[in-house]
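Printed here is final.cif (mmCIF, C-alpha atoms):
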data_final
loop_
_atom_site.label_atom_id
_atom_site.label_comp_id
_atom_site.auth_asym_id
_atom_site.auth_seq_id
_atom_site.Cartn_x
_atom_site.Cartn_y
_atom_site.Cartn_z
CA MET A 1 182.24 54.20 140.56
CA THR A 2 179.65 55.98 138.58
CA THR A 3 176.69 54.02 137.27
CA LEU A 4 175.44 55.10 133.86
CA THR A 5 171.75 54.72 133.02
CA ASN A 6 170.04 55.18 129.67
CA GLN A 7 168.14 58.46 129.62
CA PRO A 8 165.10 58.75 127.36
CA ALA A 9 165.66 60.96 124.38
CA ALA A 10 163.92 64.30 124.45
CA VAL A 11 160.56 64.22 122.63
CA THR A 12 159.38 67.28 120.74
CA ARG A 13 155.61 67.60 121.02
CA PRO A 14 153.45 70.05 119.12
CA ALA A 15 152.07 72.85 121.21
CA CYS A 16 148.53 72.26 122.43
CA PRO A 17 146.06 74.56 120.73
CA ASP A 18 144.67 77.29 122.89
CA ALA A 19 141.23 76.15 124.05
CA LYS A 20 140.14 79.78 124.02
CA SER A 21 141.12 80.37 120.39
CA PRO A 22 138.35 81.84 118.21
CA PHE A 23 138.48 78.83 115.88
CA LEU A 24 137.94 76.22 118.59
CA ARG A 25 135.24 78.31 120.22
CA ALA A 26 133.50 78.62 116.85
CA ILE A 27 133.61 74.84 116.38
CA SER A 28 132.17 74.40 119.87
CA ALA A 29 129.37 76.84 119.03
CA LEU A 30 128.69 74.92 115.81
CA ALA A 31 128.42 71.62 117.67
CA GLU A 32 126.05 73.10 120.26
CA ALA A 33 123.96 75.28 117.91
CA PRO A 34 120.21 74.63 117.71
CA LEU A 35 118.93 73.49 114.34
CA THR A 36 117.53 76.93 113.56
CA HIS A 37 120.99 78.54 113.95
CA ILE A 38 123.30 75.88 112.59
CA ALA A 39 123.72 77.55 109.18
CA GLU A 40 124.58 80.85 110.83
CA GLN A 41 127.17 79.20 113.08
CA LEU A 42 128.74 77.28 110.19
CA ARG A 43 129.06 80.50 108.21
CA ASN A 44 130.62 82.25 111.22
CA VAL A 45 133.32 79.55 111.37
CA LEU A 46 134.05 79.74 107.64
CA ILE A 47 133.97 83.50 107.02
CA PRO A 48 137.54 84.16 108.31
CA TYR A 49 138.87 81.54 105.89
CA VAL A 50 136.47 81.76 102.93
CA SER A 51 134.48 84.95 102.51
CA ASN A 52 131.08 84.48 100.86
CA SER A 53 127.74 86.18 100.31
CA ALA A 54 125.50 83.43 101.71
CA LEU A 55 125.46 79.86 102.97
CA VAL A 56 122.56 77.44 102.45
CA ILE A 57 122.07 73.94 103.83
CA PHE A 58 119.53 71.66 102.13
CA THR A 59 118.68 68.62 104.24
CA GLU A 60 115.87 66.10 104.06
CA ASP A 61 116.35 65.23 107.73
CA CYS A 62 114.33 68.33 108.64
CA THR A 63 111.07 67.82 106.76
CA GLY A 64 109.55 71.05 108.04
CA ARG A 65 112.56 73.24 107.33
CA PRO A 66 114.68 71.58 104.65
CA GLN A 67 116.56 74.85 104.08
CA LYS A 68 118.83 76.43 106.68
CA LYS A 69 120.30 79.72 105.52
CA ALA A 70 122.52 82.61 106.53
CA GLY A 71 123.89 85.61 104.66
CA GLU A 72 122.52 88.21 102.26
CA GLU A 73 118.74 88.60 102.42
CA GLY A 74 118.48 88.96 98.66
CA ILE A 75 119.81 85.41 98.29
CA ILE A 76 118.47 83.48 101.27
CA THR A 77 114.91 84.76 100.83
CA ARG A 78 114.77 83.82 97.14
CA VAL A 79 116.60 80.51 96.92
CA SER A 80 114.15 77.67 96.28
CA ILE A 81 114.06 73.95 96.95
CA ALA A 82 113.88 73.45 93.17
CA ASP A 83 117.19 75.35 92.78
CA LEU A 84 118.88 73.23 95.42
CA GLU A 85 117.48 69.92 94.20
CA LYS A 86 118.64 70.67 90.66
CA LEU A 87 122.13 71.53 91.90
CA ARG A 88 122.35 68.45 94.11
CA SER A 89 121.26 66.10 91.33
CA SER A 90 123.96 67.55 89.04
CA LEU A 91 126.79 66.59 91.42
CA SER A 92 128.49 63.32 90.52
CA ASP A 93 130.25 62.71 93.83
CA ASP A 94 130.71 64.10 97.35
CA GLU A 95 133.83 66.13 96.56
CA PRO A 96 133.65 69.96 96.71
CA TRP A 97 132.35 71.37 93.43
CA LEU A 98 133.08 74.87 92.12
CA GLY A 99 131.22 76.50 89.26
CA GLU A 100 128.22 78.56 88.26
CA ALA A 101 124.63 77.58 88.98
CA GLU A 102 121.17 79.12 88.82
CA LEU A 103 120.28 80.11 92.36
CA ALA A 104 117.85 82.71 93.75
CA ASP A 105 116.79 83.91 90.28
CA ASP A 106 120.34 84.50 89.06
CA ILE A 107 123.43 82.72 87.76
CA ARG A 108 125.91 82.72 90.65
CA SER A 109 129.37 81.46 91.47
CA VAL A 110 128.94 78.68 94.02
CA MET A 111 130.71 75.96 95.93
CA ALA A 112 128.61 72.86 96.62
CA ILE A 113 129.34 69.77 98.72
CA ARG A 114 127.11 66.79 99.39
CA TYR A 115 127.11 64.72 102.58
CA ALA A 116 126.59 61.09 101.53
CA PRO A 117 125.04 59.60 104.72
CA SER A 118 122.03 61.96 104.62
CA ARG A 119 122.22 63.39 101.07
CA ALA A 120 122.43 66.84 102.65
CA LEU A 121 123.83 69.65 100.51
CA LEU A 122 125.97 72.65 101.43
CA VAL A 123 125.97 75.61 99.05
CA ILE A 124 128.25 78.63 99.48
CA THR A 125 127.57 81.55 97.14
CA ASP A 126 130.28 83.85 95.78
CA PRO A 127 133.16 82.13 97.63
CA ASP A 128 136.51 83.92 97.67
CA PRO A 129 138.33 82.56 94.56
CA ALA A 130 141.76 82.90 96.16
CA ALA A 131 140.70 80.94 99.25
CA VAL A 132 139.00 78.04 97.48
CA ALA A 133 142.04 77.62 95.24
CA VAL A 134 143.99 76.46 98.30
CA GLU A 135 143.61 72.73 99.00
CA SER A 136 143.86 73.19 102.77
CA ALA A 137 140.91 75.63 102.65
CA LEU A 138 138.82 73.07 100.77
CA ASP A 139 139.73 70.41 103.33
CA LEU A 140 138.71 72.75 106.16
CA ILE A 141 135.34 73.53 104.55
CA GLU A 142 134.64 69.84 103.97
CA TYR A 143 135.65 68.94 107.54
CA LEU A 144 133.41 71.57 109.12
CA TRP A 145 130.53 70.72 106.80
CA HIS A 146 130.69 67.08 107.86
CA ILE A 147 130.54 68.14 111.51
CA ALA A 148 127.46 70.29 110.83
CA ALA A 149 125.70 67.65 108.71
CA ARG A 150 126.30 64.96 111.31
CA ARG A 151 125.04 67.24 114.08
CA ILE A 152 121.85 67.89 112.11
CA GLN A 153 121.24 64.14 111.92
CA GLU A 154 121.81 63.72 115.64
CA LYS A 155 119.70 66.70 116.65
CA VAL A 156 116.75 65.59 114.53
CA ALA A 157 116.96 62.09 116.00
CA ASP A 158 116.85 63.55 119.53
CA ALA A 159 114.45 66.42 118.75
CA PRO A 160 111.89 67.31 121.43
CA PRO A 161 108.14 66.97 120.71
CA SER A 162 107.79 70.74 120.22
CA TYR A 163 110.26 70.70 117.31
CA LEU A 164 108.59 67.68 115.74
CA MET A 165 105.20 69.39 115.96
CA GLU A 166 106.59 72.53 114.37
CA SER A 167 108.19 70.46 111.61
CA ARG A 168 104.92 68.66 110.98
CA ALA A 169 102.98 71.92 110.82
CA ALA A 170 105.46 73.46 108.37
CA SER A 171 105.45 70.30 106.24
CA ALA A 172 101.67 70.29 106.09
CA GLU A 173 101.61 73.93 104.99
CA ARG A 174 104.17 73.30 102.26
CA VAL A 175 102.25 70.25 101.03
CA ARG A 176 99.02 72.26 100.95
CA VAL A 177 100.53 75.08 98.90
CA THR A 178 102.26 72.62 96.57
CA ALA A 179 99.03 70.69 96.08
CA GLU A 180 97.22 73.91 95.20
CA LEU A 181 99.84 74.68 92.54
CA VAL A 182 99.67 71.13 91.17
CA ASP A 183 95.89 71.35 90.96
CA MET A 184 96.11 74.68 89.17
CA HIS A 185 98.67 73.39 86.66
CA SER A 186 96.68 70.19 86.06
CA THR A 187 93.44 72.05 85.40
CA THR A 188 95.19 74.54 83.08
CA LEU A 189 96.93 71.83 81.06
CA GLU A 190 93.76 69.74 80.76
CA THR A 191 91.90 72.83 79.57
CA LEU A 192 94.59 73.72 77.01
CA LEU A 193 94.59 70.17 75.64
CA ALA A 194 90.81 70.17 75.43
CA ALA A 195 90.85 73.44 73.47
CA LEU A 196 93.56 72.20 71.08
CA ARG A 197 91.68 68.94 70.46
CA SER A 198 88.25 70.54 70.13
CA PRO A 199 86.72 69.86 66.67
CA SER A 200 84.60 73.01 67.03
CA LEU A 201 87.63 75.35 66.85
CA ASP A 202 89.73 76.07 63.77
CA ASP A 203 93.48 76.59 64.08
CA ALA A 204 93.30 80.38 64.45
CA SER A 205 90.53 80.20 67.05
CA ALA A 206 92.37 77.47 68.96
CA ARG A 207 95.59 79.52 69.04
CA SER A 208 93.72 82.61 70.22
CA THR A 209 91.84 80.66 72.89
CA VAL A 210 94.97 78.90 74.18
CA THR A 211 96.92 82.18 74.24
CA ASP A 212 94.25 83.88 76.35
CA MET A 213 94.03 80.93 78.71
CA THR A 214 97.80 80.76 79.12
CA ALA A 215 98.04 84.48 79.91
CA LYS A 216 95.32 84.20 82.54
CA ALA A 217 96.97 81.10 84.02
CA LEU A 218 100.30 82.90 84.35
CA VAL A 219 98.66 85.81 86.16
CA ALA A 220 96.88 83.40 88.48
CA LEU A 221 100.10 81.51 89.14
CA ARG A 222 101.96 84.68 90.14
CA THR A 223 99.25 85.59 92.64
CA VAL A 224 98.54 82.14 94.07
CA SER A 225 100.94 82.59 97.00
CA ASP A 226 99.27 85.81 98.15
CA ARG A 227 95.85 84.32 97.60
CA THR A 228 96.73 81.25 99.65
CA THR A 229 98.03 83.42 102.48
CA ASP A 230 95.09 85.82 102.56
CA LEU A 231 92.32 83.27 102.30
CA VAL A 232 92.73 81.69 105.70
CA GLU A 233 88.94 81.44 105.70
CA GLU A 234 86.61 81.62 102.73
CA PRO A 235 82.84 82.05 102.69
CA VAL A 236 81.44 78.74 101.47
CA ALA A 237 79.61 80.39 98.55
CA GLN A 238 82.78 82.20 97.46
CA ALA A 239 84.79 78.98 97.63
CA PHE A 240 82.18 77.27 95.44
CA VAL A 241 82.30 80.09 92.89
CA ARG A 242 86.07 79.62 92.63
CA LEU A 243 85.47 75.93 91.97
CA GLN A 244 83.04 76.78 89.14
CA GLU A 245 85.54 79.23 87.64
CA ASP A 246 88.30 76.60 87.75
CA LEU A 247 86.17 73.94 86.04
CA ARG A 248 84.17 76.03 83.57
CA PRO A 249 86.88 76.26 80.84
CA LEU A 250 87.44 72.50 80.97
CA THR A 251 83.75 71.64 80.81
CA ARG A 252 83.24 74.06 77.92
CA PHE A 253 85.41 71.96 75.61
CA SER A 254 84.67 68.48 76.94
CA GLY A 255 81.14 68.22 75.60
CA ILE A 256 80.04 67.01 79.04
CA GLU A 257 77.49 69.04 80.97
CA VAL A 258 78.45 69.80 84.57
CA GLN A 259 75.64 70.96 86.82
CA PHE A 260 76.60 72.95 89.92
CA ILE A 261 74.23 72.85 92.90
CA GLU A 262 75.31 75.80 95.03
CA PRO A 263 75.58 75.76 98.84
CA PRO A 264 73.42 78.08 100.96
CA LEU A 265 74.70 81.66 100.98
CA ASN A 266 74.64 81.83 104.77
CA GLY A 267 76.67 78.66 105.25
CA ARG A 268 79.59 78.70 107.66
CA ALA A 269 82.92 79.97 106.30
CA LEU A 270 85.42 77.27 105.38
CA PRO A 271 88.93 77.10 106.86
CA GLY A 272 91.51 77.63 104.14
CA GLU A 273 92.78 74.03 104.13
CA VAL A 274 89.24 72.69 103.86
CA ALA A 275 88.35 75.02 100.97
CA HIS A 276 91.54 74.10 99.07
CA ALA A 277 91.08 70.38 99.68
CA ALA A 278 87.40 70.50 98.71
CA ARG A 279 88.13 72.14 95.37
CA ALA A 280 90.98 69.72 94.68
CA VAL A 281 88.82 66.70 95.50
CA VAL A 282 85.95 67.90 93.31
CA ARG A 283 88.31 68.69 90.42
CA GLY A 284 89.87 65.24 90.72
CA LEU A 285 86.50 63.49 90.83
CA VAL A 286 85.12 65.44 87.87
CA LEU A 287 88.22 64.68 85.78
CA ALA A 288 88.05 60.98 86.73
CA MET A 289 84.37 60.81 85.78
CA MET A 290 85.01 62.57 82.46
CA GLU A 291 87.49 59.85 81.50
CA GLN A 292 84.71 57.23 81.54
CA PRO A 293 82.91 56.28 78.34
CA GLU A 294 79.36 57.45 77.71
CA VAL A 295 79.29 60.10 80.45
CA ARG A 296 77.11 63.02 79.34
CA ARG A 297 76.33 64.77 82.61
CA ILE A 298 78.04 65.30 85.99
CA ARG A 299 76.33 66.87 89.00
CA ALA A 300 78.42 68.63 91.69
CA GLN A 301 76.81 69.76 94.96
CA TRP A 302 78.09 71.38 98.13
CA ASP A 303 76.23 71.81 101.38
CA CYS A 304 77.16 72.75 104.94
CA ASP A 305 75.53 71.46 108.11
CA GLY A 306 77.45 73.85 110.40
CA ASP A 307 80.06 71.29 111.39
CA ASN A 308 80.97 69.70 108.05
CA LEU A 309 81.26 70.51 104.38
CA LEU A 310 79.16 67.97 102.50
CA ILE A 311 80.17 67.21 98.90
CA ASN A 312 78.28 65.03 96.43
CA ILE A 313 79.44 64.25 92.88
CA ARG A 314 77.52 61.94 90.57
CA ASP A 315 77.58 61.03 86.88
CA ASP A 316 75.21 59.36 84.41
CA GLY A 317 77.76 56.93 82.96
CA ASN A 318 77.66 53.17 82.85
CA GLY A 319 79.32 52.66 86.23
CA ALA A 320 82.93 52.19 85.07
CA LEU A 321 84.52 54.28 87.85
CA SER A 322 86.67 52.06 90.08
CA ALA A 323 87.29 52.66 93.77
CA ASP A 324 90.66 50.92 93.32
CA ALA A 325 91.93 53.43 90.76
CA SER A 326 95.07 55.32 91.81
CA THR A 327 93.27 58.65 91.37
CA MET A 328 90.55 57.61 93.81
CA GLY A 329 93.11 56.42 96.34
CA ARG A 330 94.97 59.72 96.16
CA LEU A 331 91.76 61.70 96.66
CA ASP A 332 90.69 59.49 99.55
CA ARG A 333 94.03 60.03 101.30
CA ARG A 334 93.59 63.77 100.92
CA VAL A 335 90.16 63.55 102.51
CA GLN A 336 91.46 61.39 105.36
CA ALA A 337 94.24 63.91 106.03
CA LEU A 338 91.51 66.32 107.16
CA ALA A 339 89.76 63.64 109.25
CA GLY A 340 87.09 63.38 106.55
CA THR A 341 85.37 60.44 104.87
CA MET A 342 84.68 59.52 101.26
CA GLN A 343 82.08 56.96 100.15
CA MET A 344 81.48 55.77 96.60
CA ASP A 345 78.52 53.87 95.18
CA VAL A 346 78.89 52.52 91.65
CA MET A 347 75.78 51.17 89.93
CA THR A 348 76.26 49.30 86.68
CA GLY A 349 74.36 51.07 83.96
CA TRP A 350 73.48 53.99 86.26
CA GLY A 351 76.78 55.67 87.01
CA ALA A 352 78.79 56.59 90.10
CA ASP A 353 77.83 58.57 93.19
CA VAL A 354 80.59 59.89 95.49
CA SER A 355 79.93 61.57 98.85
CA VAL A 356 82.62 63.39 100.82
CA THR A 357 82.36 64.79 104.34
CA LEU A 358 85.03 67.27 105.51
CA PRO A 359 84.94 68.46 109.16
CA LEU A 360 85.31 72.23 109.46
CA ASP A 361 87.03 72.03 112.85
CA ALA A 362 90.27 70.21 113.56
CA PRO A 363 90.11 67.50 116.23
CA ILE A 364 90.58 69.07 119.65
CA GLY A 365 93.25 67.51 121.82
CA PRO A 366 93.46 67.60 125.61
CA LYS A 367 93.92 71.06 127.10
CA GLY A 368 97.33 71.82 128.49
CA ASP A 369 98.29 74.12 131.32
CA ILE A 370 99.31 77.48 129.83
CA THR A 371 99.51 79.41 133.09
CA GLY A 372 103.30 79.13 133.00
CA TRP A 373 103.37 81.34 129.94
CA ASN A 374 102.02 84.30 131.97
CA LEU A 375 100.12 85.71 129.01
CA ALA A 376 98.13 88.89 129.40
CA PRO A 377 94.48 88.69 128.24
CA ARG A 378 95.25 90.46 124.96
CA GLU A 379 98.29 88.25 124.35
CA LEU A 380 96.13 85.17 124.90
CA GLU A 381 93.66 86.48 122.31
CA ILE A 382 96.53 87.02 119.88
CA LEU A 383 97.82 83.46 120.45
CA GLN A 384 94.33 82.03 119.88
CA HIS A 385 94.18 83.82 116.55
CA LEU A 386 97.65 82.58 115.63
CA ALA A 387 96.62 79.02 116.49
CA ALA A 388 93.64 79.41 114.15
CA GLY A 389 96.02 80.39 111.34
CA HIS A 390 95.00 84.04 111.13
CA ARG A 391 97.36 86.62 109.63
CA ASN A 392 98.16 89.96 111.29
CA ARG A 393 95.71 91.87 109.12
CA THR A 394 92.88 89.50 110.03
CA ILE A 395 93.75 89.69 113.73
CA ALA A 396 93.86 93.50 113.64
CA THR A 397 90.41 93.64 112.05
CA ALA A 398 88.92 91.14 114.50
CA LEU A 399 90.31 92.92 117.58
CA THR A 400 89.89 96.46 116.20
CA ILE A 401 93.54 97.34 116.66
CA SER A 402 96.33 98.31 114.26
CA GLU A 403 98.64 95.82 112.57
CA ASN A 404 101.60 97.42 114.36
CA THR A 405 99.89 96.71 117.68
CA VAL A 406 99.35 93.12 116.62
CA LYS A 407 103.04 92.81 115.74
CA PHE A 408 103.96 94.23 119.16
CA HIS A 409 101.82 91.63 120.95
CA VAL A 410 103.08 88.82 118.71
CA ARG A 411 106.69 89.64 119.66
CA ASN A 412 105.74 89.52 123.35
CA VAL A 413 103.99 86.17 122.84
CA PHE A 414 107.13 84.79 121.18
CA LYS A 415 109.26 85.88 124.14
CA LYS A 416 106.94 84.37 126.75
CA LEU A 417 106.62 81.08 124.86
CA GLY A 418 110.36 80.95 124.19
CA VAL A 419 109.88 80.56 120.43
CA ARG A 420 111.41 82.29 117.43
CA SER A 421 108.77 82.01 114.73
CA ARG A 422 105.06 82.03 114.02
CA THR A 423 105.15 78.33 113.18
CA GLU A 424 106.78 77.49 116.53
CA ALA A 425 104.13 79.54 118.36
CA ILE A 426 101.34 77.74 116.51
CA ALA A 427 102.89 74.35 117.28
CA ALA A 428 103.18 75.26 120.99
CA ALA A 429 99.56 76.43 121.06
CA HIS A 430 98.34 73.28 119.32
CA SER A 431 100.28 71.10 121.75
CA HIS A 432 98.19 72.71 124.52
CA GLY A 433 94.89 72.05 122.78
CA MET A 434 94.40 75.51 121.27
CA ARG A 435 92.84 75.49 117.77
#
Since I need it in another form, could you write the structure as structure tokens?
Amino acid sequence: MTTLTNQPAAVTRPACPDAKSPFLRAISALAEAPLTHIAEQLRNVLIPYVSNSALVIFTEDCTGRPQKKAGEEGIITRVSIADLEKLRSSLSDDEPWLGEAELADDIRSVMAIRYAPSRALLVITDPDPAAVAVESALDLIEYLWHIAARRIQEKVADAPPSYLMESRAASAERVRVTAELVDMHSTTLETLLAALRSPSLDDASARSTVTDMTAKALVALRTVSDRTTDLVEEPVAQAFVRLQEDLRPLTRFSGIEVQFIEPPLNGRALPGEVAHAARAVVRGLVLAMMEQPEVRRIRAQWDCDGDNLLINIRDDGNGALSADASTMGRLDRRVQALAGTMQMDVMTGWGADVSVTLPLDAPIGPKGDITGWNLAPRELEILQHLAAGHRNRTIATALTISENTVKFHVRNVFKKLGVRSRTEAIAAAHSHGMR
């Protein structure tokens, strides 16, 4: 007798994907990519499915480098945070958006997708119209973008100290440049308003004066980036002259006399961040004092004791300046950011007296062991200059070598430190006590 048993029905299973397929390997590379290369890896995964001219990630997780970019140089070198913020704020949801947007000084065809958990933004320029018209392609882009955005969050959370130091250094530089632009705009607008309100100018004279001021301001604005880069150090007298030039148009129309007591000509040169902060603080204090009633005269003085820049601003008002005012708090925080101090004495009926001390040298941390870097003597000199914030031209002049030679040594320093950028090299040097 034959015994019959129930046999399981045959099950058809989908074939396992080849672990060595280019697509899976690209996803693996995306998941393992360092933060500095994650945009490049994401673009590499997408290119076979959606051709494009550039890919930009805008993320607030990375405060030092909020943009991560790959693609055409003409786009990735010109796209701005303002462009990306404007585009992100125009999106109503986190679904893929297709359209035209102003990006990198031009109106471009773009695809944009937000990532809700971190508010990160993905922008793809000039995407292939045929590809993005396919729903499966859109799903693929969104899926891969979510992987990349999530990985950015995780990598920042687990970032090593060296990355955090680099991020902090880059953030500080961006804040400094932004503050310089804000100060320039504020002074220009205050000056224009003063000229327009001045009872001593008729309409034609006011228009002529404002036109000239605006033209000069535009020229200054276009050159501020180069000026900020070049002036890593400024002679103290030159920095003070720039302060006078910034304030002179405003004081001319205010009816308030501003006396400038100049620093000694042979005073120590000011580091760029100190010079910028000093001018911003003085401008802020002068404007705050001008807003008080019955102020007729303000006295601004700089001095240098070799280790600190000493600033003193006083007025002849009735003592209405308040240390609790938001303007004073903002200025005090700026001073504290450079390890400086600000003291204010207000005397009823006699006015206000504000003293600011800004150290010229950054606090020196404990020295670290740099022998593992195996730097040659010249390379060590180059790194010391980089740590001090000097540009290649300045280094070449100081060491009496060509800029090409400096670039050669800088590349070698990068290799030995295992870094990819100037900012990373500076952060590594600072972490070992080099200033």
Hits from the PyMOL selection byres ((chain A and resi 137-145) around 10), listed as a ChimeraX atom specification: /A:27,30-31,39,42-43,45-46,49-50,57,94-97,111-115,120-122,130-136,146-151
Chain and number of each residue from the PyMOL selection byres ((chain A and resi 86) around 12), as a PyMOL selection string: chain A and resi 58+79-85+87-91+101-103+112+121
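Between CA of Arg242 in chain A and CA of Ile261 in chain A there is a distance of 13.6 Å.
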Sorted per-residue table, range 256-281 of chain A near range 311-326 of chain A, closest atoms and distance, 12 Å, all atoms listed in the file, as a Markdown table:
| residue | atom | partner | partner_atom | distance |
| --- | --- | --- | --- | --- |
| A:Ile256 | CA | A:Asp315 | CA | 10.2 |
| A:Glu257 | CA | A:Asp315 | CA | 10.0 |
| A:Val258 | CA | A:Asp315 | CA | 9.1 |
| A:Gln259 | CA | A:Ile313 | CA | 9.8 |
| A:Phe260 | CA | A:Ile313 | CA | 9.6 |
| A:Ile261 | CA | A:Asn312 | CA | 9.5 |
| A:Glu262 | CA | A:Ile311 | CA | 10.6 |
| A:Pro263 | CA | A:Ile311 | CA | 9.7 |
| A:Val274 | CA | A:Ile311 | CA | 11.7 |
| A:Ala275 | CA | A:Ile311 | CA | 11.5 |
| A:Ala277 | CA | A:Ile311 | CA | 11.4 |
| A:Ala278 | CA | A:Ile311 | CA | 7.9 |
| A:Arg279 | CA | A:Ile311 | CA | 10.0 |
| A:Ala280 | CA | A:Ile311 | CA | 11.9 |
| A:Val281 | CA | A:Ile311 | CA | 9.3 |
Take the residues that were just selected and, keeping C-alpha atoms, output them as a compact mmCIF listing (two decimals), keeping the file's coordinate frame.
# COMPACT_ATOMS: atom_id res chain seq x y z
CA ILE A 256 80.04 67.01 79.04
CA GLU A 257 77.49 69.04 80.97
CA VAL A 258 78.45 69.80 84.57
CA GLN A 259 75.64 70.96 86.82
CA PHE A 260 76.60 72.95 89.92
CA ILE A 261 74.23 72.85 92.90
CA GLU A 262 75.31 75.80 95.03
CA PRO A 263 75.58 75.76 98.84
CA VAL A 274 89.24 72.69 103.86
CA ALA A 275 88.35 75.02 100.97
CA ALA A 277 91.08 70.38 99.68
CA ALA A 278 87.40 70.50 98.71
CA ARG A 279 88.13 72.14 95.37
CA ALA A 280 90.98 69.72 94.68
CA VAL A 281 88.82 66.70 95.50
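Across the structure, CA of Ser254 in chain A and CA of Arg283 in chain A are spaced 14.0 Å apart.
Distance check against Ala429 in chain A using all atoms listed in the file: of A:Ile401, A:Ile395, A:Leu383, A:Leu270, the minimum falls on A:Leu383.
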12 Å contact set for Gly329 in chain A, only C-alpha atoms, chain neighbours under 6 positions out, as a list in words: Val281, Gly284, Leu285, Ala288, Ser322, Ala323, Val335, Gln336, Met342, Gln343 and Met344 of chain A
Build an axis-aligned box that encloses every atom of range 385-398 of chain A listed in the file, pad it by 6 Å on each side, and report its centre and edge lengths in Å to one decimal, as lines of an AutoDock Vina configuration file.
center_x = 93.5
center_y = 86.3
center_z = 112.8
size_x = 21.2
size_y = 26.6
size_z = 19.4
Residue nearest Ala237 in chain A among A:Ile370, A:Leu24, A:Ala104, A:Leu309 (counting only C-alpha atoms): A:Leu309
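As for CA of Ala217 in chain A and CA of His276 in chain A, they are spaced 17.5 Å apart.
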Using only C-alpha atoms: which of A:Val354, A:Val110, A:Met434, A:Ile76 has the shortest distance to Ala387 in chain A: A:Met434
How would range 317-332 of chain A look with N, CA and C atoms restored, written as an mmCIF file, in the coordinates of the input?
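Written file, selection23.cif:
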data_model
loop_
_atom_site.group_PDB
_atom_site.id
_atom_site.type_symbol
_atom_site.label_atom_id
_atom_site.label_comp_id
_atom_site.auth_asym_id
_atom_site.auth_seq_id
_atom_site.Cartn_x
_atom_site.Cartn_y
_atom_site.Cartn_z
ATOM 1 N N GLY A 317 77.071 57.909 83.790
ATOM 2 C CA GLY A 317 77.760 56.930 82.960
ATOM 3 C C GLY A 317 77.251 55.526 83.179
ATOM 4 N N ASN A 318 78.078 54.574 82.741
ATOM 5 C CA ASN A 318 77.660 53.170 82.850
ATOM 6 C C ASN A 318 78.243 52.477 84.074
ATOM 7 N N GLY A 319 78.809 53.253 84.999
ATOM 8 C CA GLY A 319 79.320 52.660 86.230
ATOM 9 C C GLY A 319 80.708 52.079 86.103
ATOM 10 N N ALA A 320 81.576 52.718 85.296
ATOM 11 C CA ALA A 320 82.930 52.190 85.070
ATOM 12 C C ALA A 320 83.944 52.730 86.070
ATOM 13 N N LEU A 321 83.559 53.704 86.899
ATOM 14 C CA LEU A 321 84.520 54.280 87.850
ATOM 15 C C LEU A 321 84.881 53.242 88.911
ATOM 16 N N SER A 322 86.196 53.080 89.149
ATOM 17 C CA SER A 322 86.670 52.060 90.080
ATOM 18 C C SER A 322 87.213 52.693 91.350
ATOM 19 N N ALA A 323 86.786 52.166 92.485
ATOM 20 C CA ALA A 323 87.290 52.660 93.770
ATOM 21 C C ALA A 323 88.766 52.312 93.955
ATOM 22 N N ASP A 324 89.267 51.345 93.192
ATOM 23 C CA ASP A 324 90.660 50.920 93.320
ATOM 24 C C ASP A 324 91.610 51.718 92.436
ATOM 25 N N ALA A 325 91.074 52.633 91.638
ATOM 26 C CA ALA A 325 91.930 53.430 90.760
ATOM 27 C C ALA A 325 92.874 54.296 91.586
ATOM 28 N N SER A 326 94.077 54.541 91.055
ATOM 29 C CA SER A 326 95.070 55.320 91.810
ATOM 30 C C SER A 326 94.569 56.729 92.097
ATOM 31 N N THR A 327 93.810 57.303 91.157
ATOM 32 C CA THR A 327 93.270 58.650 91.370
ATOM 33 C C THR A 327 92.338 58.674 92.582
ATOM 34 N N MET A 328 91.494 57.658 92.688
ATOM 35 C CA MET A 328 90.550 57.610 93.810
ATOM 36 C C MET A 328 91.289 57.411 95.128
ATOM 37 N N GLY A 329 92.329 56.609 95.119
ATOM 38 C CA GLY A 329 93.110 56.420 96.340
ATOM 39 C C GLY A 329 93.780 57.694 96.788
ATOM 40 N N ARG A 330 94.323 58.452 95.819
ATOM 41 C CA ARG A 330 94.970 59.720 96.160
ATOM 42 C C ARG A 330 93.971 60.706 96.752
ATOM 43 N N LEU A 331 92.781 60.787 96.142
ATOM 44 C CA LEU A 331 91.760 61.700 96.660
ATOM 45 C C LEU A 331 91.278 61.272 98.039
ATOM 46 N N ASP A 332 91.136 59.977 98.246
ATOM 47 C CA ASP A 332 90.690 59.490 99.550
ATOM 48 C C ASP A 332 91.708 59.810 100.628
#
